[in-house]
>>> print(open('model-v3.json').read())   # JSON, C-alpha atoms and all ligand atoms
[["chain", "number", "residue", "atom", "x", "y", "z"],
["A", 1, "MET", "CA", 22.49, -33.66, 37.07],
["A", 2, "VAL", "CA", 18.97, -32.86, 38.15],
["A", 3, "ASP", "CA", 19.93, -29.27, 38.90],
["A", 4, "ASP", "CA", 21.39, -28.91, 35.42],
["A", 5, "LEU", "CA", 18.22, -30.25, 33.87],
["A", 6, "TYR", "CA", 16.13, -27.83, 35.92],
["A", 7, "GLN", "CA", 18.31, -24.89, 34.96],
["A", 8, "GLU", "CA", 18.15, -25.88, 31.32],
["A", 9, "THR", "CA", 14.36, -25.96, 31.42],
["A", 10, "ILE", "CA", 14.20, -22.51, 33.02],
["A", 11, "LEU", "CA", 16.68, -21.12, 30.49],
["A", 12, "ASP", "CA", 14.76, -22.64, 27.61],
["A", 13, "HIS", "CA", 11.44, -21.15, 28.76],
["A", 14, "SER", "CA", 12.99, -17.74, 29.41],
["A", 15, "LYS", "CA", 14.54, -17.61, 25.95],
["A", 16, "ARG", "CA", 11.59, -19.09, 24.09],
["A", 17, "PRO", "CA", 8.54, -18.45, 26.30],
["A", 18, "ARG", "CA", 5.47, -20.51, 25.43],
["A", 19, "ASN", "CA", 2.07, -18.86, 25.04],
["A", 20, "PHE", "CA", 3.79, -15.48, 24.76],
["A", 21, "HIS", "CA", 1.20, -13.44, 22.89],
["A", 22, "ILE", "CA", -1.86, -11.24, 23.33],
["A", 23, "MET", "CA", -5.12, -13.20, 23.39],
["A", 24, "GLN", "CA", -7.83, -11.28, 21.56],
["A", 25, "ASP", "CA", -10.76, -13.30, 22.91],
["A", 26, "ALA", "CA", -9.59, -13.59, 26.51],
["A", 27, "ASN", "CA", -12.38, -13.15, 29.07],
["A", 28, "ARG", "CA", -10.08, -12.69, 32.08],
["A", 29, "THR", "CA", -6.98, -10.52, 32.20],
["A", 30, "ALA", "CA", -4.79, -9.10, 34.95],
["A", 31, "ASP", "CA", -1.59, -7.12, 35.19],
["A", 32, "GLY", "CA", 1.27, -7.99, 37.50],
["A", 33, "TYR", "CA", 4.30, -6.00, 38.58],
["A", 34, "ASN", "CA", 7.25, -6.90, 40.76],
["A", 35, "PRO", "CA", 8.90, -3.59, 41.75],
["A", 36, "LEU", "CA", 11.85, -5.35, 43.40],
["A", 37, "CYS", "CA", 13.09, -6.61, 40.05],
["A", 38, "GLY", "CA", 11.07, -4.61, 37.54],
["A", 39, "ASP", "CA", 9.19, -7.62, 36.14],
["A", 40, "LYS", "CA", 5.94, -6.74, 34.38],
["A", 41, "LEU", "CA", 3.42, -9.02, 32.77],
["A", 42, "LYS", "CA", -0.13, -9.14, 31.52],
["A", 43, "LEU", "CA", -1.95, -12.42, 31.79],
["A", 44, "TYR", "CA", -4.77, -13.51, 29.47],
["A", 45, "LEU", "CA", -7.17, -16.33, 30.24],
["A", 46, "LYS", "CA", -10.09, -17.84, 28.44],
["A", 47, "VAL", "CA", -12.29, -19.44, 31.08],
["A", 48, "GLU", "CA", -15.39, -21.37, 30.06],
["A", 49, "ASN", "CA", -17.56, -23.50, 32.34],
["A", 50, "ASP", "CA", -15.08, -22.87, 35.14],
["A", 51, "ILE", "CA", -12.26, -24.45, 33.10],
["A", 52, "VAL", "CA", -9.18, -22.62, 31.84],
["A", 53, "GLN", "CA", -9.39, -23.29, 28.11],
["A", 54, "ASP", "CA", -6.45, -21.13, 27.16],
["A", 55, "ALA", "CA", -3.78, -19.02, 28.84],
["A", 56, "SER", "CA", -1.17, -16.60, 27.50],
["A", 57, "PHE", "CA", 0.92, -13.67, 28.63],
["A", 58, "GLU", "CA", 3.04, -10.76, 27.46],
["A", 59, "GLY", "CA", 5.41, -8.43, 29.19],
["A", 60, "CYS", "CA", 9.03, -8.07, 30.08],
["A", 61, "GLY", "CA", 10.91, -9.40, 33.03],
["A", 62, "CYS", "CA", 13.93, -11.36, 34.14],
["A", 63, "ALA", "CA", 14.59, -14.97, 33.12],
["A", 64, "ILE", "CA", 12.93, -16.41, 36.23],
["A", 65, "SER", "CA", 9.70, -14.42, 35.91],
["A", 66, "THR", "CA", 9.41, -15.12, 32.18],
["A", 67, "ALA", "CA", 10.10, -18.84, 32.56],
["A", 68, "SER", "CA", 7.64, -19.04, 35.44],
["A", 69, "ALA", "CA", 4.85, -17.39, 33.43],
["A", 70, "SER", "CA", 5.64, -19.62, 30.46],
["A", 71, "LEU", "CA", 5.48, -22.85, 32.46],
["A", 72, "MET", "CA", 2.42, -21.61, 34.36],
["A", 73, "THR", "CA", 0.40, -20.95, 31.21],
["A", 74, "GLU", "CA", 1.34, -24.43, 29.97],
["A", 75, "SER", "CA", 0.24, -25.99, 33.25],
["A", 76, "LEU", "CA", -3.10, -24.19, 33.43],
["A", 77, "LYS", "CA", -4.80, -25.38, 30.29],
["A", 78, "GLY", "CA", -7.64, -27.74, 31.03],
["A", 79, "LYS", "CA", -7.62, -27.04, 34.76],
["A", 80, "THR", "CA", -10.64, -25.90, 36.72],
["A", 81, "LYS", "CA", -10.42, -22.68, 38.68],
["A", 82, "ASP", "CA", -10.08, -24.66, 41.93],
["A", 83, "GLU", "CA", -7.34, -26.86, 40.48],
["A", 84, "ALA", "CA", -5.48, -23.77, 39.30],
["A", 85, "LEU", "CA", -5.69, -22.17, 42.74],
["A", 86, "HIS", "CA", -4.54, -25.45, 44.32],
["A", 87, "LEU", "CA", -1.54, -25.49, 41.99],
["A", 88, "LEU", "CA", -0.77, -21.91, 43.01],
["A", 89, "GLU", "CA", -0.64, -22.97, 46.66],
["A", 90, "LYS", "CA", 1.59, -25.95, 45.91],
["A", 91, "PHE", "CA", 3.91, -23.77, 43.85],
["A", 92, "HIS", "CA", 4.13, -21.19, 46.63],
["A", 93, "ASP", "CA", 4.95, -23.95, 49.13],
["A", 94, "LEU", "CA", 7.64, -25.30, 46.81],
["A", 95, "LEU", "CA", 9.37, -21.92, 46.81],
["A", 96, "THR", "CA", 9.05, -21.21, 50.51],
["A", 97, "GLN", "CA", 9.18, -24.53, 52.38],
["A", 98, "ASP", "CA", 12.12, -26.90, 52.50],
["A", 99, "ALA", "CA", 10.02, -30.02, 52.86],
["A", 100, "ALA", "CA", 7.37, -29.08, 50.32],
["A", 101, "SER", "CA", 5.73, -31.91, 48.44],
["A", 102, "THR", "CA", 6.23, -31.88, 44.69],
["A", 103, "GLN", "CA", 3.07, -33.86, 44.02],
["A", 104, "ASP", "CA", 0.89, -32.46, 41.21],
["A", 105, "LEU", "CA", 3.51, -29.88, 40.24],
["A", 106, "GLY", "CA", 4.82, -31.63, 37.13],
["A", 107, "LYS", "CA", 7.40, -29.53, 35.31],
["A", 108, "LEU", "CA", 6.97, -26.71, 37.81],
["A", 109, "VAL", "CA", 9.40, -28.50, 40.18],
["A", 110, "VAL", "CA", 12.24, -26.94, 38.18],
["A", 111, "PHE", "CA", 11.76, -23.83, 40.32],
["A", 112, "CYS", "CA", 12.61, -25.58, 43.59],
["A", 113, "GLY", "CA", 16.15, -24.13, 43.43],
["A", 114, "VAL", "CA", 14.72, -20.60, 43.66],
["A", 115, "ARG", "CA", 14.02, -21.36, 47.34],
["A", 116, "ASP", "CA", 17.73, -20.73, 48.00],
["A", 117, "TYR", "CA", 17.45, -17.20, 46.59],
["A", 118, "PRO", "CA", 14.75, -15.41, 48.61],
["A", 119, "GLY", "CA", 15.17, -12.27, 46.50],
["A", 120, "ARG", "CA", 14.02, -14.19, 43.43],
["A", 121, "VAL", "CA", 10.98, -15.85, 44.94],
["A", 122, "LYS", "CA", 8.83, -12.86, 43.97],
["A", 123, "CYS", "CA", 10.05, -13.14, 40.38],
["A", 124, "ALA", "CA", 8.88, -16.75, 40.28],
["A", 125, "THR", "CA", 5.53, -16.10, 41.97],
["A", 126, "LEU", "CA", 4.58, -12.92, 40.08],
["A", 127, "ALA", "CA", 2.69, -14.76, 37.34],
["A", 128, "TRP", "CA", 0.82, -16.77, 39.96],
["A", 129, "HIS", "CA", -0.23, -13.75, 41.99],
["A", 130, "THR", "CA", -1.48, -12.27, 38.74],
["A", 131, "LEU", "CA", -3.33, -15.50, 37.98],
["A", 132, "LYS", "CA", -5.18, -15.23, 41.26],
["A", 133, "SER", "CA", -6.46, -11.76, 40.51],
["A", 134, "ALA", "CA", -7.43, -12.81, 36.97],
["A", 135, "LEU", "CA", -9.36, -15.83, 38.25],
["A", 136, "ASN", "CA", -11.04, -13.84, 40.96],
["A", 137, "GLY", "CA", -12.05, -11.35, 38.32],
["A", 138, "THR", "CA", -10.67, -8.29, 40.07],
["A", 139, "GLY", "CA", -8.32, -7.51, 37.18],
["A", 140, "ASP", "CA", -6.52, -4.92, 39.30],
["A", 141, "LEU", "CA", -2.82, -4.39, 39.04],
["A", 142, "THR", "CA", -1.20, -6.99, 41.26],
["A", 143, "THR", "CA", 2.13, -6.20, 42.80],
["A", 144, "THR", "CA", 4.30, -8.55, 44.82],
["A", 145, "GLU", "CA", 4.64, -5.93, 47.56],
["A", 201, "ZN", "ZN", 12.64, -10.81, 38.28]]
>>> encode(input="model-v3.json", output="structure tokens")
Amino acid sequence: MVDDLYQETILDHSKRPRNFHIMQDANRTADGYNPLCGDKLKLYLKVENDIVQDASFEGCGCAISTASASLMTESLKGKTKDEALHLLEKFHDLLTQDAASTQDLGKLVVFCGVRDYPGRVKCATLAWHTLKSALNGTGDLTTTE
């Protein structure tokens, strides 16, 4: 039952991604690319007083990468830079460690099943790697390799 619910959420976000648009007044952007799968995305952030006021993305990728970026942008709004980076770590743990805690992850727990498909982990983490480079202001192309 839970698995079905998780899959439904991922499917929903891949078909109708939230915050899927260019942000004209973004003050942080970064590009991400996952050569293993061909997923590409551009992330837009509006950061003021160290708080993520708005987040959006555009690009093309598989269902997992699109759903992950969609749920990530939803989760980021209102978070401080440190909170966002903490969430990134928790999300990475969720995908790579069997006994990972799901505390603080909210809806992002729907990706726990990706752990069983190591080849897809990079699809799910692409948006987050890109987030890191956007927050750190490097803005360079981030690849999962
Ligand atoms: Zn992918």
>>> residues_near_ligand(input="model-v3.json", ligand="ligand ZN 201 (chain A)", cutoff="8 Å", atoms="all atoms listed in the file", output="ChimeraX atom specification")
/A:34,36-39,61-65,120,122-124
>>> write_last_selection(input="model-v3.json", atoms="C-alpha atoms", output="PDB file, in the frame of the given file")
ATOM      1  CA  ASN A  34       7.250  -6.900  40.760  1.00  0.00           C
ATOM      2  CA  LEU A  36      11.850  -5.350  43.400  1.00  0.00           C
ATOM      3  CA  CYS A  37      13.090  -6.610  40.050  1.00  0.00           C
ATOM      4  CA  GLY A  38      11.070  -4.610  37.540  1.00  0.00           C
ATOM      5  CA  ASP A  39       9.190  -7.620  36.140  1.00  0.00           C
ATOM      6  CA  GLY A  61      10.910  -9.400  33.030  1.00  0.00           C
ATOM      7  CA  CYS A  62      13.930 -11.360  34.140  1.00  0.00           C
ATOM      8  CA  ALA A  63      14.590 -14.970  33.120  1.00  0.00           C
ATOM      9  CA  ILE A  64      12.930 -16.410  36.230  1.00  0.00           C
ATOM     10  CA  SER A  65       9.700 -14.420  35.910  1.00  0.00           C
ATOM     11  CA  ARG A 120      14.020 -14.190  43.430  1.00  0.00           C
ATOM     12  CA  LYS A 122       8.830 -12.860  43.970  1.00  0.00           C
ATOM     13  CA  CYS A 123      10.050 -13.140  40.380  1.00  0.00           C
ATOM     14  CA  ALA A 124       8.880 -16.750  40.280  1.00  0.00           C
TER      15      ALA A 124
END
>>> atom_distance(input="model-v3.json", atom1="CA of Lys81 in chain A", atom2="CA of Arg28 in chain A")
12.0 Å
>>> residues_around(input="model-v3.json", residues="Tyr6 in chain A", least_positions_apart="2", cutoff="10 Å", atoms="only C-alpha atoms", output="list in words")
Met1, Val2, Asp3, Asp4, Glu8, Thr9, Ile10, Leu11, Asp12, Lys107, Leu108, Val109, Val110, Phe111, Cys112 and Gly113 of chain A
>>> closest_residue(input="model-v3.json", among="A:Asp98, A:Glu58, A:Asp25, A:Glu74", to="Leu43 in chain A", atoms="only C-alpha atoms")
A:Glu58
>>> closest_atom_pairs(input="model-v3.json", of="range 29-122 of chain A", to="range 126-139 of chain A", cutoff="10 Å", atoms="only C-alpha atoms", output="JSON lines")
{"residue": "A:Thr29", "atom": "CA", "partner": "A:Ala134", "partner_atom": "CA", "distance": 5.3}
{"residue": "A:Ala30", "atom": "CA", "partner": "A:Gly139", "partner_atom": "CA", "distance": 4.5}
{"residue": "A:Asp31", "atom": "CA", "partner": "A:Thr130", "partner_atom": "CA", "distance": 6.3}
{"residue": "A:Gly32", "atom": "CA", "partner": "A:Thr130", "partner_atom": "CA", "distance": 5.2}
{"residue": "A:Tyr33", "atom": "CA", "partner": "A:Leu126", "partner_atom": "CA", "distance": 7.1}
{"residue": "A:Asn34", "atom": "CA", "partner": "A:Leu126", "partner_atom": "CA", "distance": 6.6}
{"residue": "A:Asp39", "atom": "CA", "partner": "A:Leu126", "partner_atom": "CA", "distance": 8.1}
{"residue": "A:Lys40", "atom": "CA", "partner": "A:Leu126", "partner_atom": "CA", "distance": 8.5}
{"residue": "A:Leu41", "atom": "CA", "partner": "A:Ala127", "partner_atom": "CA", "distance": 7.4}
{"residue": "A:Lys42", "atom": "CA", "partner": "A:Thr130", "partner_atom": "CA", "distance": 8.0}
{"residue": "A:Leu43", "atom": "CA", "partner": "A:Thr130", "partner_atom": "CA", "distance": 7.0}
{"residue": "A:Tyr44", "atom": "CA", "partner": "A:Ala134", "partner_atom": "CA", "distance": 8.0}
{"residue": "A:Leu45", "atom": "CA", "partner": "A:Ala134", "partner_atom": "CA", "distance": 7.6}
{"residue": "A:Val47", "atom": "CA", "partner": "A:Leu135", "partner_atom": "CA", "distance": 8.5}
{"residue": "A:Asp50", "atom": "CA", "partner": "A:Leu135", "partner_atom": "CA", "distance": 9.6}
{"residue": "A:Val52", "atom": "CA", "partner": "A:Leu135", "partner_atom": "CA", "distance": 9.3}
{"residue": "A:Ala55", "atom": "CA", "partner": "A:Leu131", "partner_atom": "CA", "distance": 9.8}
{"residue": "A:Phe57", "atom": "CA", "partner": "A:Ala127", "partner_atom": "CA", "distance": 9.0}
{"residue": "A:Ile64", "atom": "CA", "partner": "A:Leu126", "partner_atom": "CA", "distance": 9.8}
{"residue": "A:Ser65", "atom": "CA", "partner": "A:Leu126", "partner_atom": "CA", "distance": 6.8}
{"residue": "A:Thr66", "atom": "CA", "partner": "A:Ala127", "partner_atom": "CA", "distance": 8.5}
{"residue": "A:Ala67", "atom": "CA", "partner": "A:Ala127", "partner_atom": "CA", "distance": 9.7}
{"residue": "A:Ser68", "atom": "CA", "partner": "A:Ala127", "partner_atom": "CA", "distance": 6.8}
{"residue": "A:Ala69", "atom": "CA", "partner": "A:Ala127", "partner_atom": "CA", "distance": 5.2}
{"residue": "A:Ser70", "atom": "CA", "partner": "A:Ala127", "partner_atom": "CA", "distance": 8.9}
{"residue": "A:Leu71", "atom": "CA", "partner": "A:Ala127", "partner_atom": "CA", "distance": 9.9}
{"residue": "A:Met72", "atom": "CA", "partner": "A:Ala127", "partner_atom": "CA", "distance": 7.5}
{"residue": "A:Thr73", "atom": "CA", "partner": "A:Ala127", "partner_atom": "CA", "distance": 9.0}
{"residue": "A:Leu76", "atom": "CA", "partner": "A:Leu131", "partner_atom": "CA", "distance": 9.8}
{"residue": "A:Lys81", "atom": "CA", "partner": "A:Leu135", "partner_atom": "CA", "distance": 6.9}
{"residue": "A:Asp82", "atom": "CA", "partner": "A:Leu135", "partner_atom": "CA", "distance": 9.6}
{"residue": "A:Ala84", "atom": "CA", "partner": "A:Leu131", "partner_atom": "CA", "distance": 8.6}
{"residue": "A:Leu85", "atom": "CA", "partner": "A:Lys132", "partner_atom": "CA", "distance": 7.1}
{"residue": "A:Leu87", "atom": "CA", "partner": "A:Trp128", "partner_atom": "CA", "distance": 9.3}
{"residue": "A:Leu88", "atom": "CA", "partner": "A:Trp128", "partner_atom": "CA", "distance": 6.2}
{"residue": "A:Glu89", "atom": "CA", "partner": "A:Trp128", "partner_atom": "CA", "distance": 9.2}
{"residue": "A:Phe91", "atom": "CA", "partner": "A:Trp128", "partner_atom": "CA", "distance": 8.6}
{"residue": "A:His92", "atom": "CA", "partner": "A:Trp128", "partner_atom": "CA", "distance": 8.7}
{"residue": "A:Val121", "atom": "CA", "partner": "A:Leu126", "partner_atom": "CA", "distance": 8.6}
{"residue": "A:Lys122", "atom": "CA", "partner": "A:Leu126", "partner_atom": "CA", "distance": 5.8}
>>> closest_residue(input="model-v3.json", among="A:Leu105, A:Ala26, A:Ala100, A:Val114", to="Glu48 in chain A", atoms="all atoms listed in the file")
A:Ala26
>>> atom_distance(input="model-v3.json", atom1="CA of Gly78 in chain A", atom2="CA of Lys15 in chain A")
24.9 Å
>>> closest_residue(input="model-v3.json", among="A:His86, A:Thr80, A:Ile22, A:Asn27", to="Ser56 in chain A", atoms="only C-alpha atoms")
A:Ile22
>>> residues_around(input="model-v3.json", residues="Pro35 in chain A", least_positions_apart="6", cutoff="9 Å", atoms="only C-alpha atoms", output="list in words")
Thr143, Thr144 and Glu145 of chain A
>>> write_last_selection(input="model-v3.json", atoms="C-alpha atoms", output="short mmCIF file (atom, residue, chain, number, x, y, z; two decimals), in the coordinates of the input")
data_model
loop_
_atom_site.label_atom_id
_atom_site.label_comp_id
_atom_site.auth_asym_id
_atom_site.auth_seq_id
_atom_site.Cartn_x
_atom_site.Cartn_y
_atom_site.Cartn_z
CA THR A 143 2.13 -6.20 42.80
CA THR A 144 4.30 -8.55 44.82
CA GLU A 145 4.64 -5.93 47.56
#
>>> atom_distance(input="model-v3.json", atom1="CA of Asp104 in chain A", atom2="CA of Leu141 in chain A")
28.4 Å
>>> closest_residue(input="model-v3.json", among="A:Leu5, A:Lys90, A:Glu83, A:Met23", to="Ile51 in chain A", atoms="all atoms listed in the file")
A:Glu83
>>> closest_residue(input="model-v3.json", among="A:Arg18, A:Lys46, A:Arg115, A:His13", to="Leu95 in chain A", atoms="all atoms listed in the file")
A:Arg115
>>> closest_residue(input="model-v3.json", among="A:Asp116, A:Thr142, A:Gln7, A:Lys79", to="Gln97 in chain A", atoms="all atoms listed in the file")
A:Asp116
>>> build_atoms(input="model-v3.json", residues="range 80-115 of chain A", atoms="N, CA and C atoms", output="compact mmCIF listing (two decimals), in the frame of the given file")
# COMPACT_ATOMS: atom_id res chain seq x y z
N THR A 80 -9.55 -26.70 36.19
CA THR A 80 -10.64 -25.90 36.72
C THR A 80 -10.04 -24.76 37.54
N LYS A 81 -10.88 -23.80 37.86
CA LYS A 81 -10.42 -22.68 38.68
C LYS A 81 -9.86 -23.18 40.01
N ASP A 82 -10.55 -24.12 40.64
CA ASP A 82 -10.08 -24.66 41.93
C ASP A 82 -8.75 -25.39 41.79
N GLU A 83 -8.61 -26.15 40.71
CA GLU A 83 -7.34 -26.86 40.48
C GLU A 83 -6.20 -25.87 40.27
N ALA A 84 -6.49 -24.79 39.55
CA ALA A 84 -5.48 -23.77 39.30
C ALA A 84 -5.04 -23.10 40.60
N LEU A 85 -6.02 -22.81 41.46
CA LEU A 85 -5.69 -22.17 42.74
C LEU A 85 -4.92 -23.14 43.66
N HIS A 86 -5.26 -24.43 43.56
CA HIS A 86 -4.54 -25.45 44.32
C HIS A 86 -3.08 -25.51 43.86
N LEU A 87 -2.88 -25.46 42.56
CA LEU A 87 -1.54 -25.49 41.99
C LEU A 87 -0.74 -24.27 42.47
N LEU A 88 -1.40 -23.14 42.52
CA LEU A 88 -0.77 -21.91 43.01
C LEU A 88 -0.24 -22.12 44.43
N GLU A 89 -1.07 -22.73 45.28
CA GLU A 89 -0.64 -22.97 46.66
C GLU A 89 0.56 -23.91 46.73
N LYS A 90 0.49 -24.98 45.93
CA LYS A 90 1.59 -25.95 45.91
C LYS A 90 2.88 -25.29 45.43
N PHE A 91 2.74 -24.44 44.42
CA PHE A 91 3.91 -23.77 43.85
C PHE A 91 4.52 -22.82 44.89
N HIS A 92 3.66 -22.10 45.60
CA HIS A 92 4.13 -21.19 46.63
C HIS A 92 4.86 -21.96 47.74
N ASP A 93 4.30 -23.10 48.12
CA ASP A 93 4.95 -23.95 49.13
C ASP A 93 6.33 -24.41 48.64
N LEU A 94 6.39 -24.81 47.38
CA LEU A 94 7.64 -25.30 46.81
C LEU A 94 8.76 -24.26 46.96
N LEU A 95 8.38 -22.99 46.79
CA LEU A 95 9.37 -21.92 46.81
C LEU A 95 9.69 -21.43 48.22
N THR A 96 8.86 -21.78 49.18
CA THR A 96 9.05 -21.21 50.51
C THR A 96 9.28 -22.24 51.61
N GLN A 97 9.02 -23.52 51.33
CA GLN A 97 9.18 -24.53 52.38
C GLN A 97 10.16 -25.61 51.94
N ASP A 98 11.10 -25.92 52.83
CA ASP A 98 12.12 -26.90 52.50
C ASP A 98 11.54 -28.28 52.21
N ALA A 99 10.54 -28.66 52.97
CA ALA A 99 10.02 -30.02 52.86
C ALA A 99 8.75 -30.09 52.01
N ALA A 100 8.59 -29.12 51.11
CA ALA A 100 7.37 -29.08 50.32
C ALA A 100 7.22 -30.33 49.45
N SER A 101 6.00 -30.77 49.31
CA SER A 101 5.73 -31.91 48.44
C SER A 101 5.71 -31.43 46.99
N THR A 102 6.20 -32.26 46.10
CA THR A 102 6.23 -31.88 44.69
C THR A 102 5.08 -32.53 43.92
N GLN A 103 4.20 -33.18 44.65
CA GLN A 103 3.07 -33.86 44.02
C GLN A 103 2.23 -32.86 43.23
N ASP A 104 1.77 -33.27 42.09
CA ASP A 104 0.89 -32.46 41.21
C ASP A 104 1.61 -31.33 40.48
N LEU A 105 2.87 -31.06 40.81
CA LEU A 105 3.51 -29.88 40.24
C LEU A 105 4.06 -30.10 38.83
N GLY A 106 4.31 -31.36 38.47
CA GLY A 106 4.82 -31.63 37.13
C GLY A 106 6.11 -30.87 36.87
N LYS A 107 6.19 -30.24 35.71
CA LYS A 107 7.40 -29.53 35.31
C LYS A 107 7.74 -28.36 36.22
N LEU A 108 6.75 -27.89 36.98
CA LEU A 108 6.97 -26.71 37.81
C LEU A 108 8.02 -26.94 38.90
N VAL A 109 8.38 -28.21 39.15
CA VAL A 109 9.40 -28.50 40.18
C VAL A 109 10.75 -27.88 39.82
N VAL A 110 10.93 -27.51 38.56
CA VAL A 110 12.24 -26.94 38.18
C VAL A 110 12.55 -25.67 38.96
N PHE A 111 11.53 -25.07 39.57
CA PHE A 111 11.76 -23.83 40.32
C PHE A 111 12.16 -24.05 41.78
N CYS A 112 12.31 -25.32 42.18
CA CYS A 112 12.61 -25.58 43.59
C CYS A 112 13.92 -24.91 44.01
N GLY A 113 14.87 -24.74 43.09
CA GLY A 113 16.15 -24.13 43.43
C GLY A 113 16.02 -22.66 43.81
N VAL A 114 14.92 -22.03 43.38
CA VAL A 114 14.72 -20.60 43.66
C VAL A 114 14.58 -20.36 45.17
N ARG A 115 14.16 -21.42 45.88
CA ARG A 115 14.02 -21.36 47.34
C ARG A 115 15.30 -20.83 48.01
